[in-house]
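Structure below is run-v7.txt: compact mmCIF, C-alpha atoms and all ligand atoms.
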```
# COMPACT_ATOMS: atom_id res chain seq x y z
CA MET A 1 85.13 89.70 101.44
CA ARG A 2 86.80 88.82 104.69
CA ALA A 3 89.78 90.95 105.74
CA TRP A 4 92.38 89.67 108.20
CA PRO A 5 92.39 89.39 112.01
CA ALA A 6 92.92 92.64 113.90
CA PRO A 7 95.91 92.92 116.23
CA ASP A 8 95.28 94.22 119.74
CA VAL A 9 95.86 97.95 120.16
CA PRO A 10 96.76 98.92 123.73
CA ALA A 11 95.03 101.93 125.28
CA LEU A 12 97.39 104.83 125.98
CA PRO A 13 97.43 107.00 129.10
CA ILE A 14 97.03 110.24 127.12
CA GLN A 15 95.09 111.17 124.02
CA GLY A 16 97.07 112.16 120.93
CA PRO A 17 96.61 115.49 119.15
CA GLU A 18 94.45 116.04 116.06
CA VAL A 19 96.11 114.74 112.91
CA SER A 20 97.37 116.91 110.05
CA LEU A 21 98.11 115.40 106.68
CA TYR A 22 99.54 116.58 103.37
CA ASP A 23 96.80 117.01 100.77
CA HIS A 24 98.12 116.61 97.25
CA ALA A 25 95.19 118.48 95.66
CA ARG A 26 95.78 121.62 97.75
CA ASP A 27 99.54 121.08 98.01
CA GLU A 28 99.56 121.83 101.72
CA LEU A 29 99.31 120.32 105.14
CA VAL A 30 95.67 120.28 106.29
CA ALA A 31 93.80 119.23 109.40
CA THR A 32 91.94 115.93 109.01
CA GLU A 33 88.93 117.50 110.62
CA GLY A 34 85.36 116.42 110.39
CA GLY A 35 82.18 116.25 112.35
CA PRO A 36 81.47 114.04 115.31
CA GLY A 37 81.27 110.92 113.11
CA PRO A 38 84.17 108.65 112.30
CA ARG A 39 87.23 109.71 110.37
CA SER A 40 87.01 107.85 107.07
CA LEU A 41 89.75 106.39 104.94
CA TYR A 42 89.80 104.66 101.59
CA VAL A 43 93.05 103.06 100.47
CA CYS A 44 93.37 101.46 97.05
CA GLY A 45 94.17 97.80 97.49
CA ILE A 46 96.07 95.25 95.50
CA THR A 47 95.41 93.51 92.23
CA PRO A 48 96.07 89.97 93.44
CA TYR A 49 98.27 88.49 90.73
CA ASP A 50 101.57 88.62 92.59
CA ALA A 51 102.80 88.65 96.19
CA THR A 52 102.95 91.80 98.35
CA HIS A 53 106.26 93.58 97.79
CA LEU A 54 107.88 96.20 99.99
CA GLY A 55 106.45 99.03 97.90
CA HIS A 56 102.93 97.81 98.73
CA ALA A 57 103.85 97.26 102.38
CA ASN A 58 105.24 100.80 102.57
CA THR A 59 101.89 102.25 101.45
CA PHE A 60 99.68 100.09 103.68
CA VAL A 61 101.88 100.63 106.74
CA ALA A 62 101.80 104.41 106.10
CA PHE A 63 98.01 104.51 106.15
CA ASP A 64 98.01 102.19 109.13
CA LEU A 65 99.87 104.97 110.96
CA LEU A 66 97.02 107.32 110.05
CA HIS A 67 94.45 104.80 111.26
CA ARG A 68 96.32 104.47 114.57
CA ALA A 69 96.89 108.23 114.95
CA TRP A 70 93.15 108.80 114.58
CA LEU A 71 92.35 106.07 117.12
CA ASN A 72 94.90 107.54 119.52
CA ALA A 73 93.29 110.97 119.06
CA GLY A 74 90.01 109.43 120.24
CA HIS A 75 88.24 109.03 116.90
CA GLU A 76 86.31 106.14 115.52
CA VAL A 77 87.72 105.14 112.13
CA ALA A 78 85.84 103.85 109.10
CA TYR A 79 88.41 102.25 106.83
CA VAL A 80 87.65 100.68 103.47
CA GLN A 81 90.01 98.97 101.08
CA ASN A 82 89.29 97.21 97.81
CA VAL A 83 90.86 94.25 96.10
CA THR A 84 90.83 94.39 92.30
CA ASP A 85 90.06 90.73 91.83
CA VAL A 86 89.30 91.07 88.14
CA ASP A 87 91.44 93.21 85.83
CA ASP A 88 93.82 92.93 82.86
CA PRO A 89 97.06 92.17 84.78
CA LEU A 90 95.38 89.39 86.77
CA LEU A 91 93.85 87.78 83.67
CA GLU A 92 97.12 88.09 81.74
CA ARG A 93 99.12 86.50 84.55
CA ALA A 94 96.59 83.66 84.98
CA GLU A 95 96.74 82.86 81.29
CA LYS A 96 100.53 83.03 81.22
CA VAL A 97 101.00 80.60 84.11
CA GLY A 98 98.05 78.42 83.11
CA VAL A 99 95.91 78.76 86.25
CA ASP A 100 92.31 79.73 86.73
CA TRP A 101 92.13 83.51 87.33
CA THR A 102 89.83 83.13 90.35
CA ALA A 103 92.19 80.61 91.96
CA LEU A 104 95.15 82.94 91.36
CA ALA A 105 93.24 85.88 92.89
CA GLU A 106 92.25 83.83 95.94
CA ARG A 107 95.75 82.54 96.51
CA GLU A 108 97.43 85.95 96.23
CA THR A 109 94.75 87.66 98.34
CA ASP A 110 95.35 85.05 101.05
CA LEU A 111 99.06 85.74 100.94
CA TYR A 112 98.42 89.47 101.17
CA ARG A 113 96.18 88.96 104.21
CA ALA A 114 98.93 86.93 105.88
CA ASP A 115 101.50 89.65 105.11
CA MET A 116 99.26 92.39 106.53
CA GLU A 117 98.55 90.37 109.65
CA ALA A 118 102.26 89.70 110.17
CA LEU A 119 103.01 93.42 109.78
CA ARG A 120 100.27 94.21 112.34
CA VAL A 121 98.34 96.41 109.91
CA LEU A 122 94.84 97.09 111.25
CA PRO A 123 92.31 95.56 108.87
CA PRO A 124 89.73 97.63 107.00
CA ARG A 125 86.17 97.59 108.29
CA GLU A 126 85.09 96.71 104.76
CA TYR A 127 87.38 94.74 102.46
CA ALA A 128 85.55 94.92 99.15
CA GLY A 129 86.32 92.75 96.16
CA ALA A 130 85.59 94.07 92.68
CA VAL A 131 83.68 90.97 91.62
CA GLU A 132 81.32 91.03 94.60
CA SER A 133 80.82 94.80 94.10
CA ILE A 134 79.73 94.68 90.45
CA PRO A 135 76.12 95.77 91.25
CA LEU A 136 77.57 98.98 92.76
CA PHE A 137 79.41 99.77 89.52
CA ILE A 138 76.29 99.20 87.45
CA ASP A 139 74.34 101.58 89.72
CA MET A 140 77.03 104.22 89.38
CA LEU A 141 77.16 103.80 85.61
CA ALA A 142 73.41 104.43 85.52
CA THR A 143 73.90 107.68 87.45
CA LEU A 144 76.73 108.76 85.13
CA ASP A 145 74.66 107.83 82.09
CA ALA A 146 71.78 109.98 83.34
CA ALA A 147 74.28 112.83 83.70
CA ASP A 148 75.40 112.38 80.06
CA ALA A 149 78.89 111.48 81.18
CA LEU A 150 79.15 108.17 79.27
CA TYR A 151 79.44 107.20 75.60
CA ARG A 152 80.20 104.10 73.60
CA VAL A 153 83.08 103.21 71.35
CA GLU A 154 81.92 100.06 69.61
CA ASP A 155 80.62 97.92 72.53
CA ASP A 156 82.83 99.49 75.20
CA VAL A 157 81.67 102.31 77.48
CA TYR A 158 83.82 105.37 78.22
CA PHE A 159 83.59 108.18 80.74
CA SER A 160 83.89 111.68 79.34
CA VAL A 161 86.35 113.69 81.44
CA GLY A 162 84.69 116.77 79.92
CA ALA A 163 81.64 115.96 82.09
CA ASP A 164 83.58 117.01 85.21
CA PRO A 165 84.53 120.70 85.34
CA ARG A 166 86.91 119.89 88.20
CA PHE A 167 88.85 117.30 86.22
CA GLY A 168 92.58 117.78 86.89
CA THR A 169 92.27 119.36 90.33
CA GLU A 170 93.39 116.27 92.25
CA SER A 171 96.63 115.65 90.35
CA ARG A 172 97.34 119.29 89.35
CA MET A 173 99.10 117.96 86.26
CA ALA A 174 99.44 119.63 82.89
CA ARG A 175 97.79 117.84 79.99
CA PRO A 176 101.00 116.56 78.33
CA GLU A 177 102.02 114.88 81.59
CA MET A 178 98.53 113.41 81.97
CA LEU A 179 98.69 112.00 78.44
CA GLU A 180 102.06 110.42 79.06
CA LEU A 181 101.02 108.79 82.35
CA PHE A 182 97.65 107.71 80.97
CA ALA A 183 99.41 105.79 78.18
CA GLU A 184 101.93 104.28 80.63
CA ARG A 185 99.38 103.22 83.21
CA GLY A 186 96.79 101.23 81.33
CA GLY A 187 94.98 103.99 79.40
CA ASP A 188 94.31 103.97 75.66
CA PRO A 189 94.77 107.57 74.45
CA ASP A 190 95.06 106.52 70.80
CA ARG A 191 91.82 104.60 70.47
CA VAL A 192 89.81 105.89 67.53
CA GLY A 193 86.32 107.14 68.38
CA LYS A 194 87.06 108.61 71.82
CA LYS A 195 85.92 112.16 72.51
CA ASP A 196 89.03 112.97 74.49
CA PRO A 197 92.20 110.82 74.49
CA LEU A 198 92.11 110.92 78.32
CA ASP A 199 88.62 109.42 78.63
CA PRO A 200 88.88 106.17 80.62
CA LEU A 201 87.08 102.91 79.95
CA VAL A 202 84.38 102.24 82.53
CA TRP A 203 82.81 99.09 81.11
CA ARG A 204 84.78 96.73 78.89
CA ALA A 205 82.58 94.61 76.67
CA GLU A 206 83.12 90.86 76.85
CA ARG A 207 86.07 89.52 74.82
CA PRO A 208 86.44 85.86 73.90
CA GLY A 209 87.90 83.90 76.78
CA GLU A 210 87.44 86.70 79.34
CA PRO A 211 85.04 86.64 82.29
CA SER A 212 82.01 88.89 82.03
CA TRP A 213 78.92 89.92 83.94
CA PRO A 214 75.56 91.07 82.58
CA SER A 215 74.80 94.79 82.54
CA PRO A 216 72.51 97.25 80.74
CA TYR A 217 75.53 97.90 78.47
CA GLY A 218 75.84 94.25 77.56
CA PRO A 219 78.05 91.60 79.15
CA GLY A 220 81.45 92.86 80.25
CA ARG A 221 83.56 93.87 83.21
CA PRO A 222 84.29 97.13 85.03
CA GLY A 223 87.14 99.56 84.55
CA TRP A 224 89.48 100.05 87.48
CA HIS A 225 88.72 103.69 88.33
CA ILE A 226 84.96 103.22 88.61
CA GLU A 227 85.61 100.31 90.94
CA CYS A 228 87.25 102.47 93.61
CA SER A 229 84.89 105.37 93.04
CA ALA A 230 81.75 103.28 93.58
CA ILE A 231 83.14 101.22 96.49
CA ALA A 232 84.36 104.31 98.36
CA LEU A 233 81.08 106.21 97.87
CA CYS A 234 78.95 103.21 98.83
CA HIS A 235 80.82 102.28 102.01
CA LEU A 236 82.09 105.68 103.20
CA GLY A 237 79.72 108.21 101.64
CA ALA A 238 80.42 111.43 99.73
CA GLY A 239 83.06 113.70 101.21
CA PHE A 240 84.94 111.02 103.14
CA THR A 241 88.11 112.17 104.86
CA VAL A 242 91.12 110.68 103.05
CA GLN A 243 91.82 108.89 99.78
CA GLY A 244 95.16 107.11 100.07
CA GLY A 245 97.43 105.05 97.89
CA GLY A 246 100.89 105.06 96.34
CA SER A 247 102.07 108.13 94.43
CA ASP A 248 101.80 106.15 91.18
CA LEU A 249 98.02 106.40 91.64
CA ILE A 250 97.90 110.24 91.59
CA PHE A 251 97.13 110.08 87.87
CA PRO A 252 95.12 108.66 86.29
CA HIS A 253 93.63 106.49 89.04
CA HIS A 254 92.77 108.93 91.82
CA GLU A 255 91.95 111.74 89.40
CA MET A 256 89.51 109.51 87.50
CA SER A 257 87.91 108.02 90.64
CA ALA A 258 87.26 111.54 91.95
CA SER A 259 86.05 112.68 88.55
CA HIS A 260 83.51 109.85 88.26
CA ALA A 261 82.11 110.86 91.65
CA HIS A 262 81.96 114.56 90.73
CA ALA A 263 80.18 113.83 87.46
CA ALA A 264 77.72 111.65 89.39
CA GLY A 265 76.93 114.66 91.61
CA SER A 266 78.92 113.57 94.69
CA GLU A 267 81.90 114.95 96.50
CA PHE A 268 84.71 112.42 96.74
CA ALA A 269 87.59 112.62 99.24
CA ARG A 270 88.42 115.79 101.19
CA ILE A 271 92.14 114.94 101.23
CA TYR A 272 94.31 113.04 98.72
CA THR A 273 97.47 111.58 100.21
CA HIS A 274 100.09 109.36 98.62
CA GLY A 275 102.92 107.18 99.79
CA GLY A 276 106.35 107.41 98.15
CA MET A 277 107.90 104.78 95.90
CA VAL A 278 110.45 102.25 97.11
CA ALA A 279 113.40 101.41 94.87
CA TYR A 280 115.73 98.43 94.90
CA ASP A 281 118.94 98.04 92.93
CA GLY A 282 118.68 101.60 91.69
CA HIS A 283 115.15 101.46 90.29
CA LYS A 284 111.55 101.70 91.50
CA MET A 285 110.37 98.19 92.40
CA SER A 286 108.38 96.88 89.47
CA LYS A 287 107.30 93.59 88.04
CA SER A 288 108.66 94.46 84.60
CA ARG A 289 112.13 95.14 86.01
CA GLY A 290 112.04 92.07 88.23
CA ASN A 291 113.49 93.89 91.26
CA LEU A 292 110.71 93.10 93.71
CA VAL A 293 111.41 92.27 97.33
CA PHE A 294 108.47 90.25 98.64
CA VAL A 295 107.29 90.54 102.22
CA SER A 296 106.46 86.81 102.26
CA ALA A 297 109.97 85.91 101.05
CA LEU A 298 111.50 87.88 103.93
CA ARG A 299 109.09 86.26 106.37
CA ASN A 300 109.92 82.81 105.01
CA GLY A 301 113.58 83.69 105.61
CA ASP A 302 112.79 83.94 109.33
CA ILE A 303 112.95 87.72 109.37
CA ASP A 304 110.88 89.18 112.21
CA PRO A 305 108.04 91.08 110.49
CA MET A 306 108.44 93.79 113.13
CA ALA A 307 111.94 94.45 111.77
CA ILE A 308 110.45 94.87 108.27
CA ARG A 309 107.93 97.32 109.69
CA LEU A 310 110.59 99.26 111.61
CA ALA A 311 112.79 99.48 108.50
CA LEU A 312 109.84 101.00 106.59
CA LEU A 313 109.01 103.45 109.39
CA ARG A 314 112.51 104.90 109.31
CA HIS A 315 111.51 106.65 106.06
CA HIS A 316 108.88 109.36 105.88
CA TYR A 317 105.87 107.93 104.06
CA ARG A 318 105.93 110.60 101.36
CA SER A 319 109.58 110.22 100.43
CA ASP A 320 110.92 108.02 97.64
CA TRP A 321 113.75 105.85 98.90
CA GLU A 322 115.82 102.81 98.16
CA TRP A 323 115.62 99.56 100.11
CA THR A 324 118.91 97.94 101.05
CA ASP A 325 119.39 94.73 102.99
CA ASP A 326 121.52 96.65 105.53
CA GLN A 327 118.43 98.58 106.63
CA LEU A 328 116.74 95.34 107.56
CA PHE A 329 119.75 94.09 109.53
CA ASP A 330 119.95 97.46 111.33
CA ALA A 331 116.26 97.18 112.21
CA VAL A 332 116.80 93.68 113.62
CA ASP A 333 119.57 95.06 115.88
CA THR A 334 117.49 98.07 116.89
CA LEU A 335 114.53 95.88 117.86
CA ALA A 336 116.80 93.75 120.03
CA GLN A 337 117.98 96.93 121.77
CA TRP A 338 114.42 98.20 122.26
CA ARG A 339 113.34 94.85 123.70
CA LYS A 340 116.27 94.88 126.08
CA ALA A 341 115.41 98.39 127.28
CA ILE A 342 111.74 97.71 127.97
CA ALA A 343 112.61 94.51 129.82
CA LEU A 344 114.62 96.44 132.41
CA ARG A 345 112.82 97.02 135.62
CA GLY A 346 113.23 100.77 135.26
CA GLY A 347 114.08 103.30 132.64
CA ALA A 348 114.21 106.97 131.76
CA PRO A 349 110.89 108.81 132.30
CA ALA A 350 108.42 107.72 129.61
CA GLY A 351 105.76 110.45 129.89
CA PRO A 352 107.50 112.93 127.55
CA VAL A 353 108.19 110.10 125.10
CA THR A 354 104.49 109.31 124.74
CA GLU A 355 103.57 112.92 124.12
CA THR A 356 106.38 113.50 121.60
CA VAL A 357 105.77 110.30 119.66
CA LEU A 358 102.03 110.97 119.34
CA GLY A 359 102.81 114.57 118.33
CA ALA A 360 105.24 113.43 115.62
CA LEU A 361 102.72 111.00 114.14
CA ALA A 362 99.92 113.57 114.20
CA ASP A 363 102.19 115.88 112.20
CA ASP A 364 101.85 114.30 108.74
CA LEU A 365 102.72 110.83 110.07
CA ASN A 366 106.33 111.64 110.89
CA ALA A 367 107.38 108.12 111.81
CA PRO A 368 111.14 108.73 111.45
CA ARG A 369 110.90 111.41 114.15
CA ALA A 370 108.81 109.12 116.35
CA VAL A 371 111.32 106.28 115.94
CA ALA A 372 114.18 108.64 116.85
CA VAL A 373 112.37 109.68 120.04
CA VAL A 374 111.93 106.04 121.09
CA GLN A 375 115.56 105.35 120.22
CA ALA A 376 116.70 108.26 122.41
CA TRP A 377 114.69 106.84 125.32
CA VAL A 378 116.19 103.38 124.73
CA GLU A 379 119.71 104.80 124.68
CA ALA A 380 119.06 106.86 127.81
CA THR A 381 117.73 103.75 129.52
CA LEU A 382 120.47 101.36 128.43
CA GLY A 383 123.39 103.75 128.46
CA THR A 384 123.26 105.21 131.93
CA ASP A 385 124.34 103.95 135.27
CA HIS A 386 122.03 106.25 137.16
CA LEU A 387 119.08 103.90 136.73
CA ALA A 388 118.93 103.32 140.45
CA GLU A 389 118.34 107.01 141.17
CA THR A 390 116.06 108.05 138.33
CA SER A 391 114.42 104.91 137.07
CA HIS A 392 110.69 104.71 136.63
CA ASN A 393 109.47 101.23 137.29
CA ASP A 394 106.68 101.37 134.77
CA ALA A 395 108.62 103.18 132.03
CA GLY A 396 109.33 100.03 130.03
CA ALA A 397 105.67 99.03 130.02
CA VAL A 398 104.60 102.52 128.97
CA VAL A 399 107.03 102.58 126.03
CA GLU A 400 106.08 99.04 125.04
CA ALA A 401 102.40 100.02 124.84
CA LEU A 402 103.22 103.25 123.01
CA VAL A 403 105.37 101.55 120.37
CA ASP A 404 102.60 98.99 119.84
CA ALA A 405 99.66 101.42 119.70
CA ALA A 406 101.24 104.25 117.73
CA LEU A 407 103.86 102.57 115.54
CA GLY A 408 102.29 99.11 115.29
CA ILE A 409 105.48 97.42 116.50
CA LYS A 410 105.02 94.62 119.00
CA LEU A 411 108.10 94.31 121.17
ZN ZN A 501 91.73 102.65 93.79
```

Starting from the file, lay out its structure as structure tokens.
Amino acid sequence: MRAWPAPDVPALPIQGPEVSLYDHARDELVATEGGPGPRSLYVCGITPYDATHLGHANTFVAFDLLHRAWLNAGHEVAYVQNVTDVDDPLLERAEKVGVDWTALAERETDLYRADMEALRVLPPREYAGAVESIPLFIDMLATLDAADALYRVEDDVYFSVGADPRFGTESRMARPEMLELFAERGGDPDRVGKKDPLDPLVWRAERPGEPSWPSPYGPGRPGWHIECSAIALCHLGAGFTVQGGGSDLIFPHHEMSASHAHAAGSEFARIYTHGGMVAYDGHKMSKSRGNLVFVSALRNGDIDPMAIRLALLRHHYRSDWEWTDDQLFDAVDTLAQWRKAIALRGGAPAGPVTETVLGALADDLNAPRAVAVVQAWVEATLGTDHLAETSHNDAGAVVEALVDAALGIKL
């Protein structure tokens, strides 16, 4: 599937440091090290039944910082993202609003691409749709079947979490918490006939009125976890560097995707990293609560997408926080100030700014610290009357390139 056009990324005068990232499985900051090959990243994409909201944007911008930090450290980056273009929420929404599910998926995926392009998020090398990837899932099911990790309940096929001795090591959750989240997030712990209530569906047999594809298990469609597991392994290979997504994917989604890979005899990600949740009006943004703030709605209201991006970057990617309209207005003012500072013929020395910003981003993507460093330079540049003595003619251009390459903000 096509992704979206890549923005230009300016080359910087110095190379950034190696990147460290918080790994949820080990509960510590770890180096994103690897061999001489590319750093590899898989980020779980959208289910295209609704427009991109700020919670989504927060996650994709966070991993865009990682992508950029790796590029700035001199690494090639292999980035893969999926789009779950067939799944229960999409089919339910299509039926509810009376549109064809494929048309709904295409329309919302197009909107998502436009939002990502406007936010200057670097596109994945491979943007893989679930429907086009169905042969990969069938291959992986065959491997899991050969490993005795699958069983049937009526015509549906389940994965046995008991087939993976490492099950639970990604989320580090106790079983009662797993059971609660599994029930909340699309699982079916109470279905009669399952070996373990936590076993996830990997192939859902065809139901009347639902799309289906042929398979050795009969016509049906894939479960969500096997989708990401198979796509990541196919396009990035076993032991890829980072699995990313929102913190609501820690369990069951990332645990199950890793578990499918382990049971199939493959390593999965080396590092599991999650973005925090964004609230609005006192609650996590969610469709059921109706408190979503859509990126496209802000863009249609003539808001500069760079102000949206800056407002997101003022929060550390792992923190949970609440969106307020004031933050957006502040970001609009800040951008105006930054643009004024870089347009001056001279400014405060920019060399230390480059080094400090790259260092902050390499340290678990500390964007708030990086933004504060740029802000200090802007204030030093705008607020002094000693420009004539100390100004550096190229400082504005250096900061402009830095803010673009490292933070993804085009001034
Ligand atoms: Zn996923």

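Taking all atoms listed in the file, the non-local environment of A:Trp323 within 12 Å (same-chain residues fewer than 6 positions away omitted) comprises His53, Leu54, Gly55, Asn58, Met277, Val278, Ala279, Tyr280, Asp281, Gly282, His283, Lys284, Met285, Asn291, Leu292, Val293, Phe294, Ile308, Ala311, Leu312, Arg314, His315 and Phe329 of chain A.
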
I'd like the contact shell of A:His67 - 8 Å cut-off, only C-alpha atoms, skipping same-chain residues fewer than 3 positions apart - returned as a list in words.
Phe63, Asp64, Trp70, Leu71, Val77, Tyr79 and Leu122 of chain A

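Using all atoms listed in the file, the shortest contact distance between A:Leu21 and any of A:Ile134, A:Val373, A:Ala105, A:Leu66 is found at A:Leu66.
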
Padding 6 Å on every side, please: axis-aligned box over the listed atoms of stretch 392-411 of chain A, centre and edge lengths to one decimal in Å, as lines of an AutoDock Vina configuration file.
```
center_x = 105.2
center_y = 99.5
center_z = 126.3
size_x = 23.0
size_y = 22.4
size_z = 34.0
```

Please, which residues have at least one atom within 9 Å of an atom of ligand ZN 501 (chain A), using all atoms listed in the file, listed as a list of chain:residue names?
A:Tyr42, A:Val43, A:Cys44, A:Gly45, A:Ile46, A:Gln81, A:Asn82, A:Val83, A:Thr84, A:Trp224, A:His225, A:Ile226, A:Glu227, A:Cys228, A:Ser229, A:Ala232, A:Gln243, A:Gly244, A:Gly245, A:Leu249, A:His253, A:His254, A:Ser257

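Using only C-alpha atoms, the smallest distance between any of A:Val131, A:Val97, A:Asp8, A:Asp364 and A:Val30 comes from A:Asp364.
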
Rounded to one decimal in Å, what is the spacing between atom CA of A:Gln337 and atom CA of A:Thr381?
10.3 Å

Using all atoms listed in the file and a cutoff of 8 Å, can you tell me which residues are near (81.5, 101.0, 80.4) in the file's coordinates, and write them out as a ChimeraX atom specification?
/A:141,150,152,156-159,201-205,217,221-223

Could you name the residues that touch A:Met178 at 10 Å or less, counting all atoms listed in the file, but leaving out those on the same chain fewer than 5 positions away, as a list in words?
Gly168, Ser171, Arg172, Met173, Ala183, Glu184, Leu198, Phe251 and Pro252 of chain A

Just give me the gap between atom CA of A:Ala367 and atom CA of A:His316 in Å, one decimal is fine.
6.2 Å

Residues near stretch 106-113 of chain A, cut-off 12 Å, all atoms listed in the file, skip fewer than 3 positions along chain, as a VMD selection string
chain A and resid 1 to 6 45 to 54 56 to 57 60 82 to 86 90 93 to 94 99 to 103 116 to 124 127 to 129 131 294 to 297 299 to 300

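In terms of minimum interatomic distance to A:Asp199, A:Ser259 ranks closest within A:Ser266, A:Ser259, A:Thr273, A:Asn393, counting only C-alpha atoms.
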
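Taking atom CA of A:Leu65 and atom CA of A:Ser319 as endpoints, the distance between them is 15.3 Å.
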
Extract, using only C-alpha atoms, all DNA, RNA and protein residues at most 10 Å from stretch 353-362 of chain A, discarding same-chain residues fewer than 4 positions from it, and format them as a PDB file with C-alpha atoms, in the frame of the given file.
```pdb
ATOM      1  CA  LEU A  12      97.390 104.830 125.980  1.00  0.00           C
ATOM      2  CA  PRO A  13      97.430 107.000 129.100  1.00  0.00           C
ATOM      3  CA  ILE A  14      97.030 110.240 127.120  1.00  0.00           C
ATOM      4  CA  GLN A  15      95.090 111.170 124.020  1.00  0.00           C
ATOM      5  CA  GLY A  16      97.070 112.160 120.930  1.00  0.00           C
ATOM      6  CA  PRO A  17      96.610 115.490 119.150  1.00  0.00           C
ATOM      7  CA  GLU A  18      94.450 116.040 116.060  1.00  0.00           C
ATOM      8  CA  VAL A  19      96.110 114.740 112.910  1.00  0.00           C
ATOM      9  CA  SER A  20      97.370 116.910 110.050  1.00  0.00           C
ATOM     10  CA  LEU A  21      98.110 115.400 106.680  1.00  0.00           C
ATOM     11  CA  ALA A  31      93.800 119.230 109.400  1.00  0.00           C
ATOM     12  CA  THR A  32      91.940 115.930 109.010  1.00  0.00           C
ATOM     13  CA  LEU A  65      99.870 104.970 110.960  1.00  0.00           C
ATOM     14  CA  LEU A  66      97.020 107.320 110.050  1.00  0.00           C
ATOM     15  CA  ARG A  68      96.320 104.470 114.570  1.00  0.00           C
ATOM     16  CA  ALA A  69      96.890 108.230 114.950  1.00  0.00           C
ATOM     17  CA  TRP A  70      93.150 108.800 114.580  1.00  0.00           C
ATOM     18  CA  ASN A  72      94.900 107.540 119.520  1.00  0.00           C
ATOM     19  CA  ALA A  73      93.290 110.970 119.060  1.00  0.00           C
ATOM     20  CA  ALA A 348     114.210 106.970 131.760  1.00  0.00           C
ATOM     21  CA  PRO A 349     110.890 108.810 132.300  1.00  0.00           C
ATOM     22  CA  ASN A 366     106.330 111.640 110.890  1.00  0.00           C
ATOM     23  CA  ALA A 367     107.380 108.120 111.810  1.00  0.00           C
ATOM     24  CA  PRO A 368     111.140 108.730 111.450  1.00  0.00           C
ATOM     25  CA  ARG A 369     110.900 111.410 114.150  1.00  0.00           C
ATOM     26  CA  ALA A 370     108.810 109.120 116.350  1.00  0.00           C
ATOM     27  CA  VAL A 371     111.320 106.280 115.940  1.00  0.00           C
ATOM     28  CA  ALA A 372     114.180 108.640 116.850  1.00  0.00           C
ATOM     29  CA  VAL A 373     112.370 109.680 120.040  1.00  0.00           C
ATOM     30  CA  VAL A 374     111.930 106.040 121.090  1.00  0.00           C
ATOM     31  CA  ALA A 376     116.700 108.260 122.410  1.00  0.00           C
ATOM     32  CA  TRP A 377     114.690 106.840 125.320  1.00  0.00           C
ATOM     33  CA  ALA A 395     108.620 103.180 132.030  1.00  0.00           C
ATOM     34  CA  VAL A 398     104.600 102.520 128.970  1.00  0.00           C
ATOM     35  CA  VAL A 399     107.030 102.580 126.030  1.00  0.00           C
ATOM     36  CA  ALA A 401     102.400 100.020 124.840  1.00  0.00           C
ATOM     37  CA  LEU A 402     103.220 103.250 123.010  1.00  0.00           C
ATOM     38  CA  VAL A 403     105.370 101.550 120.370  1.00  0.00           C
ATOM     39  CA  ALA A 405      99.660 101.420 119.700  1.00  0.00           C
ATOM     40  CA  ALA A 406     101.240 104.250 117.730  1.00  0.00           C
ATOM     41  CA  LEU A 407     103.860 102.570 115.540  1.00  0.00           C
TER      42      LEU A 407
END
```

Mind listing whatever residues come within 12 Å of the point (116.9, 96.1, 108.5)? Use all atoms listed in the file, file coordinates, and give them as a ChimeraX atom specification.
/A:298,303-314,323-336

Between A:Ala230, A:Ile250, A:Leu411, A:Ala163, which one has atoms that come closest to A:Ala147, using all atoms listed in the file?
A:Ala163

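Of the residues under consideration (A:Arg289, A:His24, A:Arg345, A:Arg175), A:His24 shows the shortest atom-to-atom contact distance to A:Gly246 when counting all atoms listed in the file.
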
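The residue that comes closest to A:Ala261, out of A:Asp164, A:Asp139, A:Glu206, A:Glu379 and on the basis of all atoms listed in the file, is A:Asp164.
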